[in-house]
Each structure stands twice: as structure tokens, then as C-alpha cells.
Amino acid sequence: MRHEFLDKHSERAGPLHRLDARAKTVAVALILLGLNVLRMPPAWLGAAAAGLLLAAVIASRLPLGYVFRRAAVVLPFAVIIGAFLPFTTEGRAVWYPAAFGYGALVTAEGLRLYATVISKAYLSLAYVILLLATTPFRALLRSLAWFRVPAFFLSLLSFTYRYIFVLVDEIERLQRAWTARYFGRRRAAQFRALGPAVGALFVRSYERAERVWAAMLSRGYDPNAV
Amino acid sequence: MTYAVEIRDLTYTYPDGTAALAGVDLRVGEGTTFGLLGANGAGKSTLLLHLNGLLNANGAVAIFGEKITRGNVREIRRRLGLVFQDPDDMLFMPRLEDDVAFGPRNLGLAEGEVSERVKEALAAVGLSGQERRSPHHMSLGERRRASLAAALALRPDILVLDEPTANLDGRGRRELAAVLAALGGTQVIASHDLGFVEKLCSEVAVLAAGRVVASGPAEQILADEPLLREHGLV
């Protein structure tokens with residue numbers, strides 16, 4: 001069984017680890033706000049945010065790859081969602097790609113905005129990963145409770161944290177069973193088998209949720225009390 | 001005489017039309033350790049879900065002489081502690097103590113009383129001092145005892161266990177048997193682990209295809225090899 005999937009490294013003894021979880025929560029919330037409140041933050045602000053992040057990661061003795069590689073999961077989303085920005089932002093035209101008689105105008109301002117959106121998304125996630133990597137999850141939940149985050153959201157987070165491990169275990173089991181039987185077949189055939197595997201995972205999670213709910217009711221949980 | 005559990009002609013059909021229970025009659029006396037034997041798919045788990053009103057029994061189930069209704073179902077869930085087969089269904093908190101405290105907190109008890117119950121329940125299953133551990137770091141045997149503690153923290157009058165020895169190794173099985181024997185009281189153990197049932201239960205019923213096909217003193221039923229063979233238990 002795998003552990004510390006989300007808050008790996010959070011039990012180390014770096015300077016940020018020792019800090020009160022509430023202070024860290026507020027600091028990260030302010031940084032995220034500062035990064036994202038402006039449509040086009042000046043370049044020096046972005047550079048400062050990146051520098052601060054790098055310094056914090058190094059001071060906490062976190063593996064660099066852990067924070068920066070993990071934050072990269074947001075890139076495909078940011079790249080796809082922002083893909084229209086270079087075409088739809090008004091400004092100085094730099095490129096006019098055309099195909100099949102249709103053309104579109106790419107502006108310098110649009111490209112800058114696109115790059116800004118991607119960096120904002122990347123830096124924001126990297127800061128959240130830094131928070132998770134320096135704060136045990138339960139300490140984070142306690143600090144959110146201190147800030148009066150509704151109990152409903154906290155139990156939602158707590159469930160997500162708990163069952164992500166069970167889910168990862170189930171994925172690993174499916175994967176092992178799959179590799180054990182699919183040897184020497186072509187990639188296309190393997191992808192065809194992926195559909196049923198994902199389906200099986202969905203059904204298992206759904207049934208798990210039903211059993212957890214039944215177990216909660218068995219111990220006097222009152223759905224109307226929250 | 002009132003029984004701890006009394007079931008009369010309980011039927012249940014799954015939404016897809018499969019008949020899971022086809023007229024179950026069962027009585028469990030107070031203080032009895034009762035073994036509910038049945039092969040996989042015999043209807044054991046479905047039957048257990050009726051005992052605390054998770055599935056509606058339409059008046060076919062009475063706990064201590066009281067039929068389960070909308071009005072008393074929460075009280076019945078407190079008095080009847082159900083331990084699920086998969087501990088991961090019951091343990092979802094970051095710390096063991098929070099999982100065990102989940103039930104008492106739902107009762108609205110004061111924190112002092114809650115921590116007293118946590119301590120008591122963990123001691124009963126031999127997990128004292130493990131309060132701060134994370135359940136998903138524990139072995140299956142420990143997690144199964146932890147889920148038992150989670151049910152015990154409600155101080156139930158009846159303990160109901162679904163396949164308590166499933167996937168346990170020899171030591172886990174032995175430790176669990178010792179814990180259950182020490183607890184005493186009214187217990188219903190659904191299992192197809194004959195050795196475990198023989199060690200703990202004084203009375204036994206055999207469930208097959210949604211019906212009780214035999215019931216009586218444990219030594220009598222467990223000695224009836226043709227019966228056990230017919231219903232897939234040996």
C-alpha cells in the first residue's frame with residue numbers, strides 16, 4: 001500500500017515545516033490572490049513569485065523535481081484552455097497563419113497574455129504543492145477549520161484524501177492484472193482494453209461509496225445534522 | 001421471551017429482480033454467540049444490512065422485541081454494532097482515534113466522554129496507544145480490529161460481524177478470535193470459516209439461496225457433514 005501520496009515530505013523538519021499551518025495557509029492564499037488578481041501582472045512580479053518559490057523549496061530541502069515536475073500536470077489544461085488567447089486579443093499583429101482559405105491573426109499582446117496565463121497556473125499549483133509538502137494534511141484541515149471553513153467541505157477533503165489511496169491501490173491492482181495477461185500484444189489492442197478497465201474502476205468506486213455511506217449510517221451519522 | 005434479534009419471513013429482491021432473501025426466519029437469544037453460516041452469495045451480507053435498517057425490512061425484523069421503524073432506526077443503529085467486511089469502508093479518518101470517535105461524536109457526546117469511549121474501545125481490541133496512527137498504514141488484521149473498535153465505541157448491545165476472518169492470516173484470525181471471546185455478549189458472526197465459528201459460536205444457522213435451511217446448537221450442525229457439503233460450506 002502506498003502512503004503520503006499528496007503530502008509526501010510533509011513530516012520533514014525544514015523551516016517551513018515548523019511554521020504554523022494557519023500562517024502558511026494565509027501566506028499561500030495571499031500569494032495566489034496576488035498572482036491571479038491582475039490580468040497582466042508586471043514581469044518583475046512573476047519573477048519575484050518564482051524566485052520566492054525556488055528559495056522556499058531549497059530552504060525546505062524538498063527535492064526540486066518533486067515540486068516542479070508535479071506542478072507540470074496543470075500545463076496541458078492551461079495550454080489547451082488558453083489556446084485561443086493569441087487569436088482573440090487585440091494588439092499588434094505578428095503572424096497571420098492561413099489554411100484552406102481561412103486565416104487568423106496572432107497578436108504580440110495575445111502571445112504575452114497566453115504565456116502569462118500558463119505561468120500563473122503553473123506557479124499557483126507549485127505554491128499549493130509547496131504548502132502540501134510542508135504541512136501534514138490533517139494539520140492543513142485543522143487550520144482550515146480554524147478559519148471557519150464549513151465542516152461539510154472539510155469532510156469532503158478528508159474523504160478525498162483518505163480514499164485516493166484506496167483508489168490508487170485499486171488502479172494498481174487492475175494494472176497488475178492487466179499487465180499479467182497482456183503480453184506481446186500491440187499497443188492498439190492494449191488501449192482497447194483500457195475502456196473496460198476504467199469502467200471497472202468506476203463501478204468499484206461507486207460500490208465503495210455506497211458501502212462507506214452504509215457504514216457511516218450504521219454508526220449514527222445523521223445526514224440532516226450538517 | 002424477547003430475542004435480541006427476531007426475523008420473521010424476511011424477503012428481499014434486488015432491484016434487478018434477483019431474489020436475495022426468500023423468507024428468512026431466525027431468532028437470536030440474548031447473550032448468544034450466533035454463527036450465520038453460508039457460502040458466498042447465500043445472502044448473508046444482505047441479511048445483515050436488514051438488521052439495522054440499512055435495507056428496509058417492512059416490519060419483518062425486531063431488535064429486542066422492537067420492530068425497526070423510521071422513528072427508532074437511529075437508536076437501533078446505536079444498540080446494534082455492525083462491523084463491515086472491508087475495514088476500508090469504516091476507516092476513513094487521518095487518525096485511528098478520529099475513526100473510533102466518529103460514532104460517539106454522531107451521538108452528540110461531550111469530548112471528554114468521546115475520548116473515554118475511544119480509549120475503552122481501543123483497549124478492548126488490543127490497540128491501546130495506537131490512537132495517533134493512520135489506519136491506512138496498518139495491517140489488515142489491525143484494521144479489522146480497528147473497525148471492530150469503531151463499532152464498539154457506540155457501546156452496542158449486539159455485535160454483528162460480516163465475514164470477520166476474510167483474508168486474515170493465521171495470527172490475525174487468532175487475535176480476532178481472542179478479542180471476540182473476551183468481549184462476550186450477544187454476537188452474530190456471518191462467515192463460512194467453520195473453524196472460527198466452531199471456536200466462538202454456541203448456536204448456528206445455515207443460510208442457502210436466501211433461506212435458513214438448518215439451525216440449532218453449533219456442535220450438532222457443524223457435525224452434519226452431508227448438510228455442510230450440500231450447501232457449499234466444506
# chains A, B, ... in the order shown; residues from 1 in each chain; ligands from 1
>>> select_by_dssp(residues="region 36-220 of chain B", states="helix (DSSP H, G or I)", output="ChimeraX atom specification")
/B:44-51,73-79,87-89,96-106,111-124,135-137,140-152,170-183,194-200,218-220
>>> interface_residues(of="chain A", to="chain B", cutoff="7 Å", atoms="only C-alpha atoms", output="mmCIF file with all heavy atoms, in the first residue's frame")
data_model
loop_
_atom_site.group_PDB
_atom_site.id
_atom_site.type_symbol
_atom_site.label_atom_id
_atom_site.label_comp_id
_atom_site.auth_asym_id
_atom_site.auth_seq_id
_atom_site.Cartn_x
_atom_site.Cartn_y
_atom_site.Cartn_z
ATOM 1 N N ARG A 138 -3.584 16.575 7.836
ATOM 2 C CA ARG A 138 -4.536 16.800 8.937
ATOM 3 C C ARG A 138 -4.310 18.152 9.591
ATOM 4 O O ARG A 138 -5.257 18.790 10.050
ATOM 5 C CB ARG A 138 -4.490 15.666 9.952
ATOM 6 C CG ARG A 138 -3.130 15.271 10.397
ATOM 7 C CD ARG A 138 -3.173 14.253 11.520
ATOM 8 N NE ARG A 138 -1.855 14.205 12.113
ATOM 9 C CZ ARG A 138 -0.860 13.466 11.637
ATOM 10 N NH1 ARG A 138 -1.061 12.701 10.584
ATOM 11 N NH2 ARG A 138 0.315 13.496 12.205
ATOM 12 N N SER A 158 -11.352 15.506 3.495
ATOM 13 C CA SER A 158 -10.820 14.389 4.272
ATOM 14 C C SER A 158 -11.116 13.058 3.570
ATOM 15 O O SER A 158 -10.264 12.175 3.488
ATOM 16 C CB SER A 158 -11.440 14.441 5.667
ATOM 17 O OG SER A 158 -11.168 13.272 6.358
ATOM 18 N N PHE A 159 -12.323 12.925 3.014
ATOM 19 C CA PHE A 159 -12.681 11.715 2.277
ATOM 20 C C PHE A 159 -11.813 11.559 1.030
ATOM 21 O O PHE A 159 -11.334 10.474 0.725
ATOM 22 C CB PHE A 159 -14.142 11.762 1.840
ATOM 23 C CG PHE A 159 -15.084 11.280 2.886
ATOM 24 C CD1 PHE A 159 -15.994 12.124 3.470
ATOM 25 C CD2 PHE A 159 -15.037 9.968 3.298
ATOM 26 C CE1 PHE A 159 -16.851 11.680 4.449
ATOM 27 C CE2 PHE A 159 -15.896 9.512 4.280
ATOM 28 C CZ PHE A 159 -16.799 10.374 4.857
ATOM 29 N N ARG A 162 -8.421 10.424 2.025
ATOM 30 C CA ARG A 162 -8.392 9.048 2.504
ATOM 31 C C ARG A 162 -8.570 8.056 1.359
ATOM 32 O O ARG A 162 -7.842 7.083 1.232
ATOM 33 C CB ARG A 162 -9.493 8.856 3.544
ATOM 34 C CG ARG A 162 -9.715 7.419 3.973
ATOM 35 C CD ARG A 162 -8.527 6.887 4.735
ATOM 36 N NE ARG A 162 -8.728 5.499 5.110
ATOM 37 C CZ ARG A 162 -8.319 4.476 4.387
ATOM 38 N NH1 ARG A 162 -7.700 4.688 3.253
ATOM 39 N NH2 ARG A 162 -8.525 3.251 4.800
ATOM 40 N N ARG A 211 -20.957 1.501 0.158
ATOM 41 C CA ARG A 211 -20.657 0.766 1.398
ATOM 42 C C ARG A 211 -20.184 1.712 2.488
ATOM 43 O O ARG A 211 -20.548 1.560 3.650
ATOM 44 C CB ARG A 211 -19.604 -0.319 1.139
ATOM 45 C CG ARG A 211 -20.095 -1.462 0.278
ATOM 46 C CD ARG A 211 -19.193 -2.680 0.425
ATOM 47 N NE ARG A 211 -17.803 -2.359 0.216
ATOM 48 C CZ ARG A 211 -17.205 -2.383 -0.980
ATOM 49 N NH1 ARG A 211 -17.883 -2.707 -2.046
ATOM 50 N NH2 ARG A 211 -15.934 -2.080 -1.078
ATOM 51 N N VAL A 212 -19.359 2.711 2.111
ATOM 52 C CA VAL A 212 -18.889 3.674 3.113
ATOM 53 C C VAL A 212 -20.076 4.425 3.701
ATOM 54 O O VAL A 212 -20.163 4.631 4.909
ATOM 55 C CB VAL A 212 -17.878 4.661 2.484
ATOM 56 C CG1 VAL A 212 -17.557 5.779 3.442
ATOM 57 C CG2 VAL A 212 -16.607 3.939 2.093
ATOM 58 N N ALA A 214 -23.174 3.368 3.900
ATOM 59 C CA ALA A 214 -23.907 2.461 4.782
ATOM 60 C C ALA A 214 -23.198 2.336 6.126
ATOM 61 O O ALA A 214 -23.832 2.333 7.184
ATOM 62 C CB ALA A 214 -24.047 1.090 4.121
ATOM 63 N N ALA A 215 -21.852 2.278 6.083
ATOM 64 C CA ALA A 215 -21.091 2.144 7.327
ATOM 65 C C ALA A 215 -21.220 3.405 8.168
ATOM 66 O O ALA A 215 -21.254 3.343 9.399
ATOM 67 C CB ALA A 215 -19.623 1.852 7.022
ATOM 68 N N SER A 218 -24.557 3.360 9.810
ATOM 69 C CA SER A 218 -24.561 2.362 10.875
ATOM 70 C C SER A 218 -24.002 2.918 12.164
ATOM 71 O O SER A 218 -24.297 2.417 13.239
ATOM 72 C CB SER A 218 -23.723 1.146 10.473
ATOM 73 O OG SER A 218 -24.311 0.511 9.380
ATOM 74 N N ARG A 219 -23.140 3.928 12.044
ATOM 75 C CA ARG A 219 -22.564 4.490 13.259
ATOM 76 C C ARG A 219 -23.214 5.820 13.611
ATOM 77 O O ARG A 219 -22.586 6.735 14.126
ATOM 78 C CB ARG A 219 -21.053 4.625 13.100
ATOM 79 C CG ARG A 219 -20.388 3.254 13.139
ATOM 80 C CD ARG A 219 -18.906 3.365 13.272
ATOM 81 N NE ARG A 219 -18.301 3.713 12.020
ATOM 82 C CZ ARG A 219 -17.131 4.345 11.915
ATOM 83 N NH1 ARG A 219 -16.485 4.688 13.007
ATOM 84 N NH2 ARG A 219 -16.628 4.627 10.745
ATOM 85 N N GLY A 220 -24.504 5.899 13.307
ATOM 86 C CA GLY A 220 -25.294 7.015 13.813
ATOM 87 C C GLY A 220 -25.124 8.314 13.056
ATOM 88 O O GLY A 220 -25.564 9.360 13.536
ATOM 89 N N TYR A 221 -24.505 8.290 11.864
ATOM 90 C CA TYR A 221 -24.355 9.519 11.106
ATOM 91 C C TYR A 221 -25.733 10.018 10.687
ATOM 92 O O TYR A 221 -26.558 9.248 10.204
ATOM 93 C CB TYR A 221 -23.491 9.274 9.872
ATOM 94 C CG TYR A 221 -23.197 10.515 9.071
ATOM 95 C CD1 TYR A 221 -22.273 11.443 9.536
ATOM 96 C CD2 TYR A 221 -23.850 10.772 7.878
ATOM 97 C CE1 TYR A 221 -21.997 12.582 8.806
ATOM 98 C CE2 TYR A 221 -23.576 11.906 7.149
ATOM 99 C CZ TYR A 221 -22.653 12.811 7.617
ATOM 100 O OH TYR A 221 -22.381 13.943 6.902
#
>>> residues_around(residues="Leu168 (chain B)", least_positions_apart="3", cutoff="10 Å", atoms="only C-alpha atoms", output="PyMOL selection string")
chain B and resi 139-141+144+164-165+171-174+176
>>> write_last_selection(atoms="all heavy atoms", output="PDB file, in the first residue's frame")
ATOM      1  N   SER B 139      -1.817  -3.010   9.274  1.00  0.00           N
ATOM      2  CA  SER B 139      -2.020  -4.290   8.599  1.00  0.00           C
ATOM      3  C   SER B 139      -3.511  -4.602   8.558  1.00  0.00           C
ATOM      4  O   SER B 139      -4.292  -4.003   9.293  1.00  0.00           O
ATOM      5  CB  SER B 139      -1.282  -5.398   9.338  1.00  0.00           C
ATOM      6  OG  SER B 139      -1.972  -5.700  10.539  1.00  0.00           O
ATOM      7  N   LEU B 140      -3.903  -5.554   7.714  1.00  0.00           N
ATOM      8  CA  LEU B 140      -5.324  -5.877   7.601  1.00  0.00           C
ATOM      9  C   LEU B 140      -5.880  -6.357   8.944  1.00  0.00           C
ATOM     10  O   LEU B 140      -6.981  -5.981   9.337  1.00  0.00           O
ATOM     11  CB  LEU B 140      -5.556  -6.929   6.522  1.00  0.00           C
ATOM     12  CG  LEU B 140      -7.023  -7.336   6.359  1.00  0.00           C
ATOM     13  CD1 LEU B 140      -7.852  -6.194   5.814  1.00  0.00           C
ATOM     14  CD2 LEU B 140      -7.167  -8.547   5.455  1.00  0.00           C
ATOM     15  N   GLY B 141      -5.095  -7.175   9.660  1.00  0.00           N
ATOM     16  CA  GLY B 141      -5.553  -7.670  10.960  1.00  0.00           C
ATOM     17  C   GLY B 141      -5.815  -6.526  11.926  1.00  0.00           C
ATOM     18  O   GLY B 141      -6.821  -6.503  12.632  1.00  0.00           O
ATOM     19  N   ARG B 144      -8.869  -4.593  10.826  1.00  0.00           N
ATOM     20  CA  ARG B 144     -10.129  -5.258  11.138  1.00  0.00           C
ATOM     21  C   ARG B 144     -10.475  -5.049  12.613  1.00  0.00           C
ATOM     22  O   ARG B 144     -11.619  -4.788  12.958  1.00  0.00           O
ATOM     23  CB  ARG B 144     -10.055  -6.738  10.808  1.00  0.00           C
ATOM     24  CG  ARG B 144     -11.360  -7.379  11.020  1.00  0.00           C
ATOM     25  CD  ARG B 144     -11.785  -8.408   9.988  1.00  0.00           C
ATOM     26  NE  ARG B 144     -11.954  -7.993   8.634  1.00  0.00           N
ATOM     27  CZ  ARG B 144     -11.550  -8.725   7.581  1.00  0.00           C
ATOM     28  NH1 ARG B 144     -10.929  -9.851   7.781  1.00  0.00           N
ATOM     29  NH2 ARG B 144     -11.772  -8.309   6.364  1.00  0.00           N
ATOM     30  N   PRO B 164     -15.728 -11.773   9.396  1.00  0.00           N
ATOM     31  CA  PRO B 164     -14.612 -11.138  10.107  1.00  0.00           C
ATOM     32  C   PRO B 164     -13.250 -11.734   9.789  1.00  0.00           C
ATOM     33  O   PRO B 164     -12.240 -11.060   9.966  1.00  0.00           O
ATOM     34  CB  PRO B 164     -14.962 -11.336  11.586  1.00  0.00           C
ATOM     35  CG  PRO B 164     -15.921 -12.458  11.609  1.00  0.00           C
ATOM     36  CD  PRO B 164     -16.673 -12.411  10.320  1.00  0.00           C
ATOM     37  N   THR B 165     -13.188 -12.965   9.294  1.00  0.00           N
ATOM     38  CA  THR B 165     -11.863 -13.547   9.054  1.00  0.00           C
ATOM     39  C   THR B 165     -11.452 -13.497   7.585  1.00  0.00           C
ATOM     40  O   THR B 165     -10.415 -14.043   7.227  1.00  0.00           O
ATOM     41  CB  THR B 165     -11.803 -15.019   9.528  1.00  0.00           C
ATOM     42  OG1 THR B 165     -12.794 -15.765   8.823  1.00  0.00           O
ATOM     43  CG2 THR B 165     -12.020 -15.128  11.009  1.00  0.00           C
ATOM     44  N   ARG B 171      -2.332 -15.464  12.342  1.00  0.00           N
ATOM     45  CA  ARG B 171      -2.219 -14.665  13.560  1.00  0.00           C
ATOM     46  C   ARG B 171      -3.396 -13.698  13.700  1.00  0.00           C
ATOM     47  O   ARG B 171      -3.996 -13.576  14.760  1.00  0.00           O
ATOM     48  CB  ARG B 171      -0.913 -13.881  13.565  1.00  0.00           C
ATOM     49  CG  ARG B 171      -0.698 -13.189  14.895  1.00  0.00           C
ATOM     50  CD  ARG B 171       0.222 -12.015  14.791  1.00  0.00           C
ATOM     51  NE  ARG B 171       1.448 -12.362  14.076  1.00  0.00           N
ATOM     52  CZ  ARG B 171       2.301 -11.467  13.631  1.00  0.00           C
ATOM     53  NH1 ARG B 171       2.079 -10.189  13.826  1.00  0.00           N
ATOM     54  NH2 ARG B 171       3.375 -11.842  12.984  1.00  0.00           N
ATOM     55  N   GLY B 172      -3.744 -13.035  12.581  1.00  0.00           N
ATOM     56  CA  GLY B 172      -4.856 -12.089  12.599  1.00  0.00           C
ATOM     57  C   GLY B 172      -6.143 -12.767  13.050  1.00  0.00           C
ATOM     58  O   GLY B 172      -6.912 -12.212  13.837  1.00  0.00           O
ATOM     59  N   ARG B 173      -6.326 -13.999  12.563  1.00  0.00           N
ATOM     60  CA  ARG B 173      -7.529 -14.750  12.874  1.00  0.00           C
ATOM     61  C   ARG B 173      -7.562 -15.117  14.362  1.00  0.00           C
ATOM     62  O   ARG B 173      -8.576 -14.983  15.041  1.00  0.00           O
ATOM     63  CB  ARG B 173      -7.471 -16.018  12.023  1.00  0.00           C
ATOM     64  CG  ARG B 173      -8.743 -16.743  11.819  1.00  0.00           C
ATOM     65  CD  ARG B 173      -8.587 -17.681  10.621  1.00  0.00           C
ATOM     66  NE  ARG B 173      -9.581 -18.740  10.665  1.00  0.00           N
ATOM     67  CZ  ARG B 173      -9.413 -19.884  11.299  1.00  0.00           C
ATOM     68  NH1 ARG B 173      -8.285 -20.114  11.951  1.00  0.00           N
ATOM     69  NH2 ARG B 173     -10.364 -20.787  11.286  1.00  0.00           N
ATOM     70  N   ARG B 174      -6.384 -15.549  14.870  1.00  0.00           N
ATOM     71  CA  ARG B 174      -6.287 -15.962  16.265  1.00  0.00           C
ATOM     72  C   ARG B 174      -6.522 -14.773  17.189  1.00  0.00           C
ATOM     73  O   ARG B 174      -7.267 -14.845  18.165  1.00  0.00           O
ATOM     74  CB  ARG B 174      -4.891 -16.547  16.501  1.00  0.00           C
ATOM     75  CG  ARG B 174      -4.793 -17.519  17.647  1.00  0.00           C
ATOM     76  CD  ARG B 174      -3.427 -18.171  17.659  1.00  0.00           C
ATOM     77  NE  ARG B 174      -2.339 -17.216  17.721  1.00  0.00           N
ATOM     78  CZ  ARG B 174      -1.321 -17.155  16.849  1.00  0.00           C
ATOM     79  NH1 ARG B 174      -1.253 -18.003  15.856  1.00  0.00           N
ATOM     80  NH2 ARG B 174      -0.385 -16.252  16.994  1.00  0.00           N
ATOM     81  N   LEU B 176      -8.141 -11.998  16.536  1.00  0.00           N
ATOM     82  CA  LEU B 176      -9.533 -11.556  16.469  1.00  0.00           C
ATOM     83  C   LEU B 176     -10.426 -12.470  17.299  1.00  0.00           C
ATOM     84  O   LEU B 176     -11.305 -12.012  18.032  1.00  0.00           O
ATOM     85  CB  LEU B 176      -9.998 -11.534  15.008  1.00  0.00           C
ATOM     86  CG  LEU B 176     -11.395 -10.964  14.796  1.00  0.00           C
ATOM     87  CD1 LEU B 176     -11.414  -9.481  15.104  1.00  0.00           C
ATOM     88  CD2 LEU B 176     -11.864 -11.212  13.377  1.00  0.00           C
TER      89      LEU B 176
END
>>> residues_around(residues="region 41-55 of chain A", least_positions_apart="6", cutoff="9 Å", atoms="only C-alpha atoms", output="ChimeraX atom specification")
/A:31,34-35,64,116,119-120,123,126-127,130
>>> closest_residue(among="A:Arg61, A:Tyr122, A:Phe100, A:Pro150", to="Pro76 (chain A)", atoms="only C-alpha atoms")
A:Tyr122
